[in-house]
Amino acid sequence: MRWRVNREFPVLLASAAPVTIAFSWQHVIASLGDDSVSYLTLARYLSPLSSDALAAPWAKHHANFPPLFPLFLAFTGGTYSLLAAHLAVGVCALGALCLVYLYAERHLGGPRRGALVALLFLLTPSAWVSVRGILSEPLFLALSLAALVFHERHLAMDRGKAALLAFGALMAAAYITRIAGIALIAG
C-alpha cells in the first residue's frame with residue numbers, strides 16, 4: 001500500500017513543526033525531577049566526540065538507562081548544548097507524528113482518518129510533556145512506530161532477508177532506546 005497524502009496532514013505537520021520547535025526552544029533543563037540530567041550525564045560519558053572526566057564517576061549511577069538516546073544526544077550536539085538536546089527531542093517528536101499518521105492511515109483506511117488521529121495525538125498532554133524535557137519517549141515512539149509500519153509494509157509481503165534485518169535493526173534500536181522496547185521483541 002502506498003503512502004497516500006492528502007492536504008490535511010501536510011497542513012497539520014506545517015502547523016505542528018514551528019509550535020514543536022518553539023516549545024522545545026530552551027537553554028535550560030525543564031525539570032530536575034525527570035531523567036534529563038541522567039541522559040545528559042550518560043551522553044557526556046558515552047560521547048566519542050569529547051570526554052568529560054567529571055561525568056565518569058556519575059555514569060555508573062545512570063547505567064540502568066539504555067544507551068541509544070544518550071548516544072543520539074552526543075551525535076546531535078546535545079551533550080553540551082541544552083538547546084541542541086531539546087531541539088533533537090523536538091525533531092524526534094515530529095518524526096513520531098509522521099509515523100502516527102502513517103500507522104493510523106494504514107489501519108483506519110485513509111489519509112484523512114490518519115490525519116485526524118495525528119491531530120488527536122497532538123491534543124494529548126503526553127505529546128507535549130515528553131517533548132518538554134530531554135527525554136527518550138519521542139525517539140522511542142518514532143522507532144517503535146517505524147518498526148510496526150515497516151513490518152506491515154515489507155515483512156507482510158515477504159521481501160527477504162534484507163527486510164528481516166532492517167526490521168530487526170528497528171526493533172533493536174527501540175529496545176536500546178527504552179527497555180519497554182522488549183514488548184516489540186517479545187510480542
# chains A, B, ... in the order shown; residues from 1 in each chain; ligands from 1
$ residues_around --residues "Val19 in chain A" --least-positions-apart "4" --cutoff "12 Å" --atoms "only C-alpha atoms" --output "list of chain:residue names"
A:Leu12, A:Leu13, A:Ala14, A:Ser15, A:Phe23, A:Ser24, A:Trp25, A:Leu87, A:Gly90, A:Val91, A:Ala93, A:Leu94, A:Leu122, A:Trp128, A:Val131
$ residues_around --residues "Val149 in chain A" --least-positions-apart "2" --cutoff "8 Å" --atoms "only C-alpha atoms" --output "count of residues only"
9
$ residues_around --residues "Leu40 in chain A" --least-positions-apart "6" --cutoff "12 Å" --atoms "only C-alpha atoms" --output "MDAnalysis selection string"
chainID A and resid 29 32 34 46:47 52 55 58:59 62 65 67 69:74 77:82 84:86 133:136
$ write_last_selection --atoms "N, CA and C atoms" --output "CSV table (one decimal), in the first residue's frame"
chain,number,residue,atom,x,y,z
A,29,ILE,N,17.3,23.2,31.6
A,29,ILE,CA,16.7,21.9,31.9
A,29,ILE,C,15.3,22.2,32.4
A,32,LEU,N,14.2,19.1,37.2
A,32,LEU,CA,15.2,18.2,37.8
A,32,LEU,C,14.6,17.0,38.3
A,34,ASP,N,12.8,14.8,36.4
A,34,ASP,CA,12.7,13.8,35.3
A,34,ASP,C,14.1,13.2,35.1
A,46,LEU,N,29.4,8.8,27.3
A,46,LEU,CA,29.5,7.9,26.1
A,46,LEU,C,29.9,8.6,24.8
A,47,SER,N,30.0,9.9,24.9
A,47,SER,CA,30.3,10.6,23.7
A,47,SER,C,31.7,10.3,23.1
A,52,ASP,N,34.5,13.8,29.2
A,52,ASP,CA,34.2,14.6,30.3
A,52,ASP,C,34.6,13.8,31.6
A,55,ALA,N,32.0,13.4,34.3
A,55,ALA,CA,30.9,12.5,34.1
A,55,ALA,C,31.2,11.0,34.5
A,58,TRP,N,29.9,9.5,37.7
A,58,TRP,CA,28.5,9.6,37.9
A,58,TRP,C,27.8,8.6,36.9
A,59,ALA,N,28.5,8.2,35.9
A,59,ALA,CA,27.8,7.4,34.8
A,59,ALA,C,27.3,6.1,35.4
A,62,HIS,N,23.8,5.9,36.5
A,62,HIS,CA,22.8,6.1,35.5
A,62,HIS,C,22.9,4.9,34.4
A,65,PHE,N,20.0,3.1,32.3
A,65,PHE,CA,19.4,3.7,31.1
A,65,PHE,C,20.0,3.1,29.8
A,67,PRO,N,21.5,2.8,26.1
A,67,PRO,CA,22.5,3.8,25.5
A,67,PRO,C,22.1,4.6,24.3
A,69,PHE,N,19.6,6.7,23.3
A,69,PHE,CA,19.2,8.1,23.4
A,69,PHE,C,20.4,9.0,23.8
A,70,PRO,N,21.2,8.5,24.8
A,70,PRO,CA,22.4,9.4,25.2
A,70,PRO,C,23.4,9.5,24.0
A,71,LEU,N,23.5,8.4,23.2
A,71,LEU,CA,24.4,8.5,22.0
A,71,LEU,C,23.8,9.4,21.0
A,72,PHE,N,22.5,9.4,20.8
A,72,PHE,CA,21.8,10.3,19.9
A,72,PHE,C,22.1,11.7,20.3
A,73,LEU,N,22.0,12.0,21.6
A,73,LEU,CA,22.3,13.4,22.1
A,73,LEU,C,23.7,13.7,21.8
A,74,ALA,N,24.6,12.8,22.0
A,74,ALA,CA,26.1,13.1,21.8
A,74,ALA,C,26.3,13.4,20.3
A,77,GLY,N,24.8,17.0,19.1
A,77,GLY,CA,25.3,18.2,19.8
A,77,GLY,C,24.7,18.5,21.1
A,78,GLY,N,23.8,17.6,21.6
A,78,GLY,CA,23.1,17.8,22.8
A,78,GLY,C,23.9,17.5,24.1
A,79,THR,N,25.1,17.1,23.9
A,79,THR,CA,26.0,16.7,25.0
A,79,THR,C,26.3,18.0,25.9
A,80,TYR,N,26.6,19.1,25.2
A,80,TYR,CA,27.0,20.3,25.9
A,80,TYR,C,26.1,21.5,25.6
A,81,SER,N,25.1,21.3,24.7
A,81,SER,CA,24.2,22.3,24.4
A,81,SER,C,22.8,21.9,24.7
A,82,LEU,N,22.2,22.5,25.8
A,82,LEU,CA,20.8,22.1,26.2
A,82,LEU,C,19.8,22.5,25.0
A,84,ALA,N,20.4,22.3,21.8
A,84,ALA,CA,20.5,21.3,20.8
A,84,ALA,C,19.8,20.0,21.3
A,85,ALA,N,20.0,19.7,22.6
A,85,ALA,CA,19.3,18.5,23.1
A,85,ALA,C,17.8,18.6,23.0
A,86,HIS,N,17.3,19.8,23.4
A,86,HIS,CA,15.8,20.0,23.4
A,86,HIS,C,15.3,19.9,21.9
A,133,GLY,N,11.0,17.9,28.4
A,133,GLY,CA,12.3,17.5,28.9
A,133,GLY,C,13.2,16.9,27.9
A,134,ILE,N,14.4,16.6,28.3
A,134,ILE,CA,15.3,15.9,27.4
A,134,ILE,C,15.1,14.4,27.7
A,135,LEU,N,14.1,13.9,27.1
A,135,LEU,CA,13.6,12.5,27.4
A,135,LEU,C,13.6,11.7,26.1
A,136,SER,N,13.6,10.4,26.3
A,136,SER,CA,13.7,9.4,25.2
A,136,SER,C,12.4,9.0,24.6
$ atom_distance --atom1 "CA of His107 in chain A" --atom2 "CA of Phe121 in chain A"
15.3 Å
$ closest_residue --among "A:Ile182, A:Ala115, A:Val129, A:Leu143" --to "Ala169 in chain A" --atoms "only C-alpha atoms"
A:Leu143
$ closest_residue --among "A:Arg106, A:Arg113, A:Lys60, A:Arg132" --to "Leu148 in chain A" --atoms "only C-alpha atoms"
A:Arg106
$ atom_distance --atom1 "CA of Cys98 in chain A" --atom2 "CA of Gly114 in chain A"
9.7 Å
$ atom_distance --atom1 "CA of Leu165 in chain A" --atom2 "CA of Ser130 in chain A"
29.7 Å
$ closest_residue --among "A:Tyr39, A:Pro18, A:Phe9, A:Ala163" --to "Val100 in chain A" --atoms "only C-alpha atoms"
A:Phe9
$ closest_residue --among "A:Tyr45, A:Phe140, A:Tyr101, A:Phe75" --to "Arg178 in chain A" --atoms "only C-alpha atoms"
A:Phe140
$ closest_residue --among "A:Arg44, A:Leu120, A:Ile21, A:Cys92" --to "Ala104 in chain A" --atoms "only C-alpha atoms"
A:Leu120
$ closest_residue --among "A:Pro111, A:Val89, A:Lys161, A:Leu68" --to "Ile176 in chain A" --atoms "only C-alpha atoms"
A:Leu68
